[in-house]
Amino acid sequence: MTQVILHDELPSGMEAEAAALYWEAFGGKLGKLLGPDNRGRAFFERSVNHAAVIAATDANGRLLGIVAHQASGTGFSNATTVTLFRHYGLGALWRLIPLAMLERAAPKGTLQMDGICVSAQARGQGVGQALFNRLFDMARDRGFARVTLDVINTNPRARALYDRLGFQATGTETTGPLKPLLGFDSATKMVLTL
């Protein structure tokens, strides 16, 4: 089993690796909005919010996985409208509304999770569980009573994992006319009481 070292913030110098992991996990959902792949990865590399990322590395400093959260109000990316325009030029205009619709803000006392990603070579080695445990501990330490997340209907493996961890579904939102752009029909809000 791989030794897992946890970091409460993304270590400096790991931006490209974290962006690649995030894109691997969420590029299917965000690809039409922020792609193509190399452009999407570059966008996240430049806008990664170190303080919103718990990272897992091995003893050699290789990034094994990340879990992002919005404890400080901003998730994995701290991009602003200005950042979007700098990266996509006038193409940012049509991206603004769909991206705004994907934004989530948790109610008071609830930590919004912004995604978990484990590298292919580290899956099945306890990295995901270690990241969740650290996230839950951090949430308790900061006074959060619950953790919430959104899972899309095209990701049944993630949904099964969240069910096993004790998350409860509290509602579902459909994507409506944005489905062709987003590539999924609906997202289910799930909450875990700590």
# chains A, B, ... in the order shown; residues from 1 in each chain; ligands from 1

call {"tool": "select_by_dssp", "arguments": {"residues": "range 77-167 of chain A", "states": "strand (DSSP E or B)", "output": "MDAnalysis selection string"}}
result
chainID A and resid 77 110:118 146:152

call {"tool": "write_last_selection", "arguments": {"atoms": "C-alpha atoms", "output": "mmCIF file, in the first residue's frame"}}
result
data_model
loop_
_atom_site.group_PDB
_atom_site.id
_atom_site.type_symbol
_atom_site.label_atom_id
_atom_site.label_comp_id
_atom_site.auth_asym_id
_atom_site.auth_seq_id
_atom_site.Cartn_x
_atom_site.Cartn_y
_atom_site.Cartn_z
ATOM 1 C CA SER A 77 -10.841 27.697 -9.011
ATOM 2 C CA THR A 110 -22.594 23.516 5.726
ATOM 3 C CA LEU A 111 -19.343 22.991 3.820
ATOM 4 C CA GLN A 112 -19.746 22.771 0.040
ATOM 5 C CA MET A 113 -17.487 20.118 -1.476
ATOM 6 C CA ASP A 114 -16.130 21.070 -4.897
ATOM 7 C CA GLY A 115 -14.959 17.698 -6.175
ATOM 8 C CA ILE A 116 -12.670 14.792 -5.394
ATOM 9 C CA CYS A 117 -10.159 13.275 -7.810
ATOM 10 C CA VAL A 118 -7.751 10.367 -7.353
ATOM 11 C CA ARG A 146 -22.672 19.210 7.478
ATOM 12 C CA VAL A 147 -20.897 18.619 4.159
ATOM 13 C CA THR A 148 -22.800 18.925 0.900
ATOM 14 C CA LEU A 149 -22.003 18.056 -2.700
ATOM 15 C CA ASP A 150 -23.673 17.709 -6.071
ATOM 16 C CA VAL A 151 -23.405 14.524 -8.126
ATOM 17 C CA ILE A 152 -24.458 14.352 -11.761
#

call {"tool": "residues_around", "arguments": {"residues": "Thr193 in chain A", "least_positions_apart": "3", "cutoff": "12 Å", "atoms": "only C-alpha atoms", "output": "PyMOL selection string"}}
result
chain A and resi 109-111+136+139-140+144-148+165-169+190

call {"tool": "closest_atom_pairs", "arguments": {"of": "range 94-145 of chain A", "to": "range 50-62 of chain A", "cutoff": "9 Å", "atoms": "only C-alpha atoms", "output": "tab-separated table"}}
result
residue	atom	partner	partner_atom	distance
A:Asp114	CA	A:Ala52	CA	8.7
A:Val118	CA	A:Ala56	CA	8.8
A:Val127	CA	A:Ala56	CA	7.1
A:Gly128	CA	A:Ala56	CA	8.9
A:Ala130	CA	A:Ala56	CA	8.1
A:Leu131	CA	A:Ala56	CA	7.0
A:Arg134	CA	A:Ile54	CA	7.8
A:Leu135	CA	A:Ile54	CA	7.3

call {"tool": "residues_around", "arguments": {"residues": "Ala20 in chain A", "least_positions_apart": "6", "cutoff": "12 Å", "atoms": "only C-alpha atoms", "output": "PyMOL selection string"}}
result
chain A and resi 14+26-27+37-46+48+63-66+117-120

call {"tool": "write_last_selection", "arguments": {"atoms": "N, CA, C and O atoms", "output": "PDB file, in the first residue's frame"}}
result
ATOM      1  N   MET A  14       2.441  22.265  -7.698  1.00  0.00           N
ATOM      2  CA  MET A  14       1.585  21.144  -8.115  1.00  0.00           C
ATOM      3  C   MET A  14       0.339  21.603  -8.871  1.00  0.00           C
ATOM      4  O   MET A  14      -0.583  20.838  -9.079  1.00  0.00           O
ATOM      5  N   PHE A  26     -13.566  16.059 -14.176  1.00  0.00           N
ATOM      6  CA  PHE A  26     -14.708  16.924 -14.482  1.00  0.00           C
ATOM      7  C   PHE A  26     -14.712  17.485 -15.900  1.00  0.00           C
ATOM      8  O   PHE A  26     -15.607  18.247 -16.259  1.00  0.00           O
ATOM      9  N   GLY A  27     -13.735  17.099 -16.709  1.00  0.00           N
ATOM     10  CA  GLY A  27     -13.696  17.580 -18.088  1.00  0.00           C
ATOM     11  C   GLY A  27     -14.908  17.157 -18.897  1.00  0.00           C
ATOM     12  O   GLY A  27     -15.364  17.889 -19.775  1.00  0.00           O
ATOM     13  N   ASP A  37      -9.455  20.315 -24.191  1.00  0.00           N
ATOM     14  CA  ASP A  37      -8.778  19.809 -22.995  1.00  0.00           C
ATOM     15  C   ASP A  37      -7.575  20.641 -22.555  1.00  0.00           C
ATOM     16  O   ASP A  37      -7.464  21.006 -21.384  1.00  0.00           O
ATOM     17  N   ASN A  38      -6.666  20.931 -23.483  1.00  0.00           N
ATOM     18  CA  ASN A  38      -5.454  21.663 -23.086  1.00  0.00           C
ATOM     19  C   ASN A  38      -5.789  23.059 -22.581  1.00  0.00           C
ATOM     20  O   ASN A  38      -5.146  23.570 -21.666  1.00  0.00           O
ATOM     21  N   ARG A  39      -6.808  23.667 -23.138  1.00  0.00           N
ATOM     22  CA  ARG A  39      -7.202  25.011 -22.700  1.00  0.00           C
ATOM     23  C   ARG A  39      -7.880  24.958 -21.333  1.00  0.00           C
ATOM     24  O   ARG A  39      -7.652  25.827 -20.487  1.00  0.00           O
ATOM     25  N   GLY A  40      -8.711  23.941 -21.121  1.00  0.00           N
ATOM     26  CA  GLY A  40      -9.366  23.780 -19.825  1.00  0.00           C
ATOM     27  C   GLY A  40      -8.369  23.521 -18.708  1.00  0.00           C
ATOM     28  O   GLY A  40      -8.445  24.114 -17.634  1.00  0.00           O
ATOM     29  N   ARG A  41      -7.414  22.626 -18.978  1.00  0.00           N
ATOM     30  CA  ARG A  41      -6.378  22.349 -17.964  1.00  0.00           C
ATOM     31  C   ARG A  41      -5.568  23.610 -17.657  1.00  0.00           C
ATOM     32  O   ARG A  41      -5.276  23.903 -16.501  1.00  0.00           O
ATOM     33  N   ALA A  42      -5.216  24.360 -18.698  1.00  0.00           N
ATOM     34  CA  ALA A  42      -4.432  25.592 -18.497  1.00  0.00           C
ATOM     35  C   ALA A  42      -5.234  26.619 -17.696  1.00  0.00           C
ATOM     36  O   ALA A  42      -4.679  27.306 -16.831  1.00  0.00           O
ATOM     37  N   PHE A  43      -6.535  26.711 -17.943  1.00  0.00           N
ATOM     38  CA  PHE A  43      -7.384  27.635 -17.198  1.00  0.00           C
ATOM     39  C   PHE A  43      -7.353  27.304 -15.713  1.00  0.00           C
ATOM     40  O   PHE A  43      -7.157  28.173 -14.869  1.00  0.00           O
ATOM     41  N   PHE A  44      -7.532  26.011 -15.386  1.00  0.00           N
ATOM     42  CA  PHE A  44      -7.530  25.615 -13.978  1.00  0.00           C
ATOM     43  C   PHE A  44      -6.142  25.721 -13.361  1.00  0.00           C
ATOM     44  O   PHE A  44      -6.011  26.073 -12.191  1.00  0.00           O
ATOM     45  N   GLU A  45      -5.105  25.441 -14.127  1.00  0.00           N
ATOM     46  CA  GLU A  45      -3.742  25.582 -13.596  1.00  0.00           C
ATOM     47  C   GLU A  45      -3.476  27.017 -13.162  1.00  0.00           C
ATOM     48  O   GLU A  45      -2.876  27.263 -12.123  1.00  0.00           O
ATOM     49  N   ARG A  46      -3.963  27.973 -13.947  1.00  0.00           N
ATOM     50  CA  ARG A  46      -3.725  29.391 -13.644  1.00  0.00           C
ATOM     51  C   ARG A  46      -4.645  29.923 -12.553  1.00  0.00           C
ATOM     52  O   ARG A  46      -4.360  30.970 -11.976  1.00  0.00           O
ATOM     53  N   VAL A  48      -6.112  27.900  -9.927  1.00  0.00           N
ATOM     54  CA  VAL A  48      -6.315  27.001  -8.787  1.00  0.00           C
ATOM     55  C   VAL A  48      -6.209  27.775  -7.473  1.00  0.00           C
ATOM     56  O   VAL A  48      -5.342  28.630  -7.300  1.00  0.00           O
ATOM     57  N   LEU A  63       1.621  13.687  -6.698  1.00  0.00           N
ATOM     58  CA  LEU A  63       0.235  13.965  -6.353  1.00  0.00           C
ATOM     59  C   LEU A  63      -0.616  12.731  -6.626  1.00  0.00           C
ATOM     60  O   LEU A  63      -0.651  12.225  -7.744  1.00  0.00           O
ATOM     61  N   LEU A  64      -1.287  12.248  -5.584  1.00  0.00           N
ATOM     62  CA  LEU A  64      -2.135  11.061  -5.699  1.00  0.00           C
ATOM     63  C   LEU A  64      -3.607  11.414  -5.841  1.00  0.00           C
ATOM     64  O   LEU A  64      -4.367  10.679  -6.464  1.00  0.00           O
ATOM     65  N   GLY A  65      -4.002  12.534  -5.244  1.00  0.00           N
ATOM     66  CA  GLY A  65      -5.403  12.918  -5.302  1.00  0.00           C
ATOM     67  C   GLY A  65      -5.631  14.241  -4.614  1.00  0.00           C
ATOM     68  O   GLY A  65      -4.766  14.744  -3.890  1.00  0.00           O
ATOM     69  N   ILE A  66      -6.820  14.788  -4.864  1.00  0.00           N
ATOM     70  CA  ILE A  66      -7.208  16.051  -4.241  1.00  0.00           C
ATOM     71  C   ILE A  66      -8.695  16.008  -3.901  1.00  0.00           C
ATOM     72  O   ILE A  66      -9.463  15.285  -4.520  1.00  0.00           O
ATOM     73  N   CYS A 117     -10.813  13.930  -6.681  1.00  0.00           N
ATOM     74  CA  CYS A 117     -10.159  13.275  -7.810  1.00  0.00           C
ATOM     75  C   CYS A 117      -8.980  12.465  -7.273  1.00  0.00           C
ATOM     76  O   CYS A 117      -8.189  12.980  -6.490  1.00  0.00           O
ATOM     77  N   VAL A 118      -8.881  11.228  -7.717  1.00  0.00           N
ATOM     78  CA  VAL A 118      -7.751  10.367  -7.353  1.00  0.00           C
ATOM     79  C   VAL A 118      -7.111   9.881  -8.645  1.00  0.00           C
ATOM     80  O   VAL A 118      -7.809   9.462  -9.570  1.00  0.00           O
ATOM     81  N   SER A 119      -5.794   9.955  -8.717  1.00  0.00           N
ATOM     82  CA  SER A 119      -5.095   9.540  -9.931  1.00  0.00           C
ATOM     83  C   SER A 119      -5.339   8.055 -10.198  1.00  0.00           C
ATOM     84  O   SER A 119      -5.546   7.271  -9.271  1.00  0.00           O
ATOM     85  N   ALA A 120      -5.308   7.693 -11.466  1.00  0.00           N
ATOM     86  CA  ALA A 120      -5.605   6.313 -11.865  1.00  0.00           C
ATOM     87  C   ALA A 120      -4.706   5.308 -11.150  1.00  0.00           C
ATOM     88  O   ALA A 120      -5.176   4.265 -10.693  1.00  0.00           O
TER      89      ALA A 120
END

call {"tool": "atom_distance", "arguments": {"atom1": "CA of Leu182 in chain A", "atom2": "CA of Pro156 in chain A"}}
result
16.7 Å

call {"tool": "select_by_dssp", "arguments": {"residues": "range 75-165 of chain A", "states": "alpha helix (DSSP H)", "output": "NGL selection string"}}
result
:A and (81-88 or 92-102 or 127-141 or 156-165)

call {"tool": "residues_around", "arguments": {"residues": "range 84-91 of chain A", "least_positions_apart": "2", "cutoff": "9 Å", "atoms": "only C-alpha atoms", "output": "list in words"}}
result
Leu34, Arg39, Ala42, Phe43, Ala79, Thr80, Thr81, Val82, Leu93, Trp94, Arg95 and Leu96 of chain A

call {"tool": "closest_residue", "arguments": {"among": "A:Pro11, A:Arg123, A:Ala71, A:Pro177", "to": "Asp141 in chain A", "atoms": "only C-alpha atoms"}}
result
A:Ala71

call {"tool": "closest_residue", "arguments": {"among": "A:Ala160, A:Met138, A:Ala92, A:Ala187", "to": "His7 in chain A", "atoms": "only C-alpha atoms"}}
result
A:Met138

call {"tool": "decode", "arguments": {"residues": "range 112-146 of chain A", "atoms": "N, CA and C atoms", "output": "PDB file, in the first residue's frame"}}
result
ATOM      1  N   GLN A 112     -19.518  23.228   1.416  1.00  0.00           N
ATOM      2  CA  GLN A 112     -19.746  22.771   0.040  1.00  0.00           C
ATOM      3  C   GLN A 112     -18.482  22.085  -0.459  1.00  0.00           C
ATOM      4  N   MET A 113     -18.600  20.829  -0.866  1.00  0.00           N
ATOM      5  CA  MET A 113     -17.487  20.118  -1.476  1.00  0.00           C
ATOM      6  C   MET A 113     -17.464  20.468  -2.955  1.00  0.00           C
ATOM      7  N   ASP A 114     -16.274  20.625  -3.513  1.00  0.00           N
ATOM      8  CA  ASP A 114     -16.130  21.070  -4.897  1.00  0.00           C
ATOM      9  C   ASP A 114     -15.416  20.024  -5.743  1.00  0.00           C
ATOM     10  N   GLY A 115     -15.505  18.773  -5.358  1.00  0.00           N
ATOM     11  CA  GLY A 115     -14.959  17.698  -6.175  1.00  0.00           C
ATOM     12  C   GLY A 115     -13.830  16.935  -5.507  1.00  0.00           C
ATOM     13  N   ILE A 116     -13.765  15.656  -5.845  1.00  0.00           N
ATOM     14  CA  ILE A 116     -12.670  14.792  -5.394  1.00  0.00           C
ATOM     15  C   ILE A 116     -12.133  14.056  -6.610  1.00  0.00           C
ATOM     16  N   CYS A 117     -10.813  13.930  -6.681  1.00  0.00           N
ATOM     17  CA  CYS A 117     -10.159  13.275  -7.810  1.00  0.00           C
ATOM     18  C   CYS A 117      -8.980  12.465  -7.273  1.00  0.00           C
ATOM     19  N   VAL A 118      -8.881  11.228  -7.717  1.00  0.00           N
ATOM     20  CA  VAL A 118      -7.751  10.367  -7.353  1.00  0.00           C
ATOM     21  C   VAL A 118      -7.111   9.881  -8.645  1.00  0.00           C
ATOM     22  N   SER A 119      -5.794   9.955  -8.717  1.00  0.00           N
ATOM     23  CA  SER A 119      -5.095   9.540  -9.931  1.00  0.00           C
ATOM     24  C   SER A 119      -5.339   8.055 -10.198  1.00  0.00           C
ATOM     25  N   ALA A 120      -5.308   7.693 -11.466  1.00  0.00           N
ATOM     26  CA  ALA A 120      -5.605   6.313 -11.865  1.00  0.00           C
ATOM     27  C   ALA A 120      -4.706   5.308 -11.150  1.00  0.00           C
ATOM     28  N   GLN A 121      -3.417   5.615 -11.004  1.00  0.00           N
ATOM     29  CA  GLN A 121      -2.489   4.671 -10.382  1.00  0.00           C
ATOM     30  C   GLN A 121      -2.681   4.552  -8.872  1.00  0.00           C
ATOM     31  N   ALA A 122      -3.408   5.481  -8.265  1.00  0.00           N
ATOM     32  CA  ALA A 122      -3.598   5.447  -6.804  1.00  0.00           C
ATOM     33  C   ALA A 122      -4.980   4.945  -6.394  1.00  0.00           C
ATOM     34  N   ARG A 123      -5.840   4.651  -7.346  1.00  0.00           N
ATOM     35  CA  ARG A 123      -7.192   4.208  -6.996  1.00  0.00           C
ATOM     36  C   ARG A 123      -7.153   2.835  -6.336  1.00  0.00           C
ATOM     37  N   GLY A 124      -8.051   2.650  -5.372  1.00  0.00           N
ATOM     38  CA  GLY A 124      -8.128   1.381  -4.659  1.00  0.00           C
ATOM     39  C   GLY A 124      -7.086   1.226  -3.568  1.00  0.00           C
ATOM     40  N   GLN A 125      -6.380   2.315  -3.232  1.00  0.00           N
ATOM     41  CA  GLN A 125      -5.325   2.249  -2.230  1.00  0.00           C
ATOM     42  C   GLN A 125      -5.631   3.099  -0.998  1.00  0.00           C
ATOM     43  N   GLY A 126      -6.877   3.507  -0.856  1.00  0.00           N
ATOM     44  CA  GLY A 126      -7.276   4.252   0.334  1.00  0.00           C
ATOM     45  C   GLY A 126      -7.065   5.755   0.247  1.00  0.00           C
ATOM     46  N   VAL A 127      -6.648   6.258  -0.907  1.00  0.00           N
ATOM     47  CA  VAL A 127      -6.387   7.693  -1.048  1.00  0.00           C
ATOM     48  C   VAL A 127      -7.685   8.487  -0.924  1.00  0.00           C
ATOM     49  N   GLY A 128      -8.725   8.050  -1.612  1.00  0.00           N
ATOM     50  CA  GLY A 128     -10.005   8.751  -1.550  1.00  0.00           C
ATOM     51  C   GLY A 128     -10.548   8.800  -0.131  1.00  0.00           C
ATOM     52  N   GLN A 129     -10.475   7.673   0.571  1.00  0.00           N
ATOM     53  CA  GLN A 129     -10.966   7.634   1.950  1.00  0.00           C
ATOM     54  C   GLN A 129     -10.153   8.564   2.852  1.00  0.00           C
ATOM     55  N   ALA A 130      -8.832   8.589   2.651  1.00  0.00           N
ATOM     56  CA  ALA A 130      -7.982   9.484   3.440  1.00  0.00           C
ATOM     57  C   ALA A 130      -8.345  10.946   3.178  1.00  0.00           C
ATOM     58  N   LEU A 131      -8.617  11.279   1.921  1.00  0.00           N
ATOM     59  CA  LEU A 131      -9.002  12.653   1.580  1.00  0.00           C
ATOM     60  C   LEU A 131     -10.347  13.013   2.214  1.00  0.00           C
ATOM     61  N   PHE A 132     -11.314  12.097   2.135  1.00  0.00           N
ATOM     62  CA  PHE A 132     -12.608  12.358   2.766  1.00  0.00           C
ATOM     63  C   PHE A 132     -12.455  12.529   4.274  1.00  0.00           C
ATOM     64  N   ASN A 133     -11.687  11.657   4.905  1.00  0.00           N
ATOM     65  CA  ASN A 133     -11.496  11.763   6.359  1.00  0.00           C
ATOM     66  C   ASN A 133     -10.907  13.116   6.739  1.00  0.00           C
ATOM     67  N   ARG A 134      -9.903  13.574   5.984  1.00  0.00           N
ATOM     68  CA  ARG A 134      -9.290  14.875   6.273  1.00  0.00           C
ATOM     69  C   ARG A 134     -10.292  16.000   6.042  1.00  0.00           C
ATOM     70  N   LEU A 135     -11.079  15.903   4.970  1.00  0.00           N
ATOM     71  CA  LEU A 135     -12.097  16.917   4.694  1.00  0.00           C
ATOM     72  C   LEU A 135     -13.115  16.985   5.835  1.00  0.00           C
ATOM     73  N   PHE A 136     -13.583  15.818   6.288  1.00  0.00           N
ATOM     74  CA  PHE A 136     -14.567  15.794   7.367  1.00  0.00           C
ATOM     75  C   PHE A 136     -13.982  16.351   8.661  1.00  0.00           C
ATOM     76  N   ASP A 137     -12.727  16.003   8.967  1.00  0.00           N
ATOM     77  CA  ASP A 137     -12.070  16.541  10.165  1.00  0.00           C
ATOM     78  C   ASP A 137     -11.919  18.060  10.070  1.00  0.00           C
ATOM     79  N   MET A 138     -11.496  18.539   8.899  1.00  0.00           N
ATOM     80  CA  MET A 138     -11.332  19.974   8.703  1.00  0.00           C
ATOM     81  C   MET A 138     -12.670  20.688   8.867  1.00  0.00           C
ATOM     82  N   ALA A 139     -13.728  20.104   8.305  1.00  0.00           N
ATOM     83  CA  ALA A 139     -15.057  20.714   8.411  1.00  0.00           C
ATOM     84  C   ALA A 139     -15.478  20.824   9.879  1.00  0.00           C
ATOM     85  N   ARG A 140     -15.292  19.758  10.647  1.00  0.00           N
ATOM     86  CA  ARG A 140     -15.639  19.798  12.076  1.00  0.00           C
ATOM     87  C   ARG A 140     -14.815  20.850  12.805  1.00  0.00           C
ATOM     88  N   ASP A 141     -13.500  20.870  12.523  1.00  0.00           N
ATOM     89  CA  ASP A 141     -12.607  21.834  13.190  1.00  0.00           C
ATOM     90  C   ASP A 141     -13.009  23.277  12.913  1.00  0.00           C
ATOM     91  N   ARG A 142     -13.591  23.527  11.751  1.00  0.00           N
ATOM     92  CA  ARG A 142     -13.992  24.889  11.380  1.00  0.00           C
ATOM     93  C   ARG A 142     -15.447  25.189  11.738  1.00  0.00           C
ATOM     94  N   GLY A 143     -16.083  24.261  12.432  1.00  0.00           N
ATOM     95  CA  GLY A 143     -17.430  24.515  12.925  1.00  0.00           C
ATOM     96  C   GLY A 143     -18.561  24.176  11.981  1.00  0.00           C
ATOM     97  N   PHE A 144     -18.281  23.438  10.912  1.00  0.00           N
ATOM     98  CA  PHE A 144     -19.351  23.023  10.006  1.00  0.00           C
ATOM     99  C   PHE A 144     -20.058  21.798  10.579  1.00  0.00           C
ATOM    100  N   ALA A 145     -21.365  21.766  10.460  1.00  0.00           N
ATOM    101  CA  ALA A 145     -22.150  20.637  10.960  1.00  0.00           C
ATOM    102  C   ALA A 145     -22.462  19.626   9.864  1.00  0.00           C
ATOM    103  N   ARG A 146     -22.332  20.064   8.614  1.00  0.00           N
ATOM    104  CA  ARG A 146     -22.672  19.210   7.478  1.00  0.00           C
ATOM    105  C   ARG A 146     -21.702  19.461   6.320  1.00  0.00           C
TER     106      ARG A 146
END
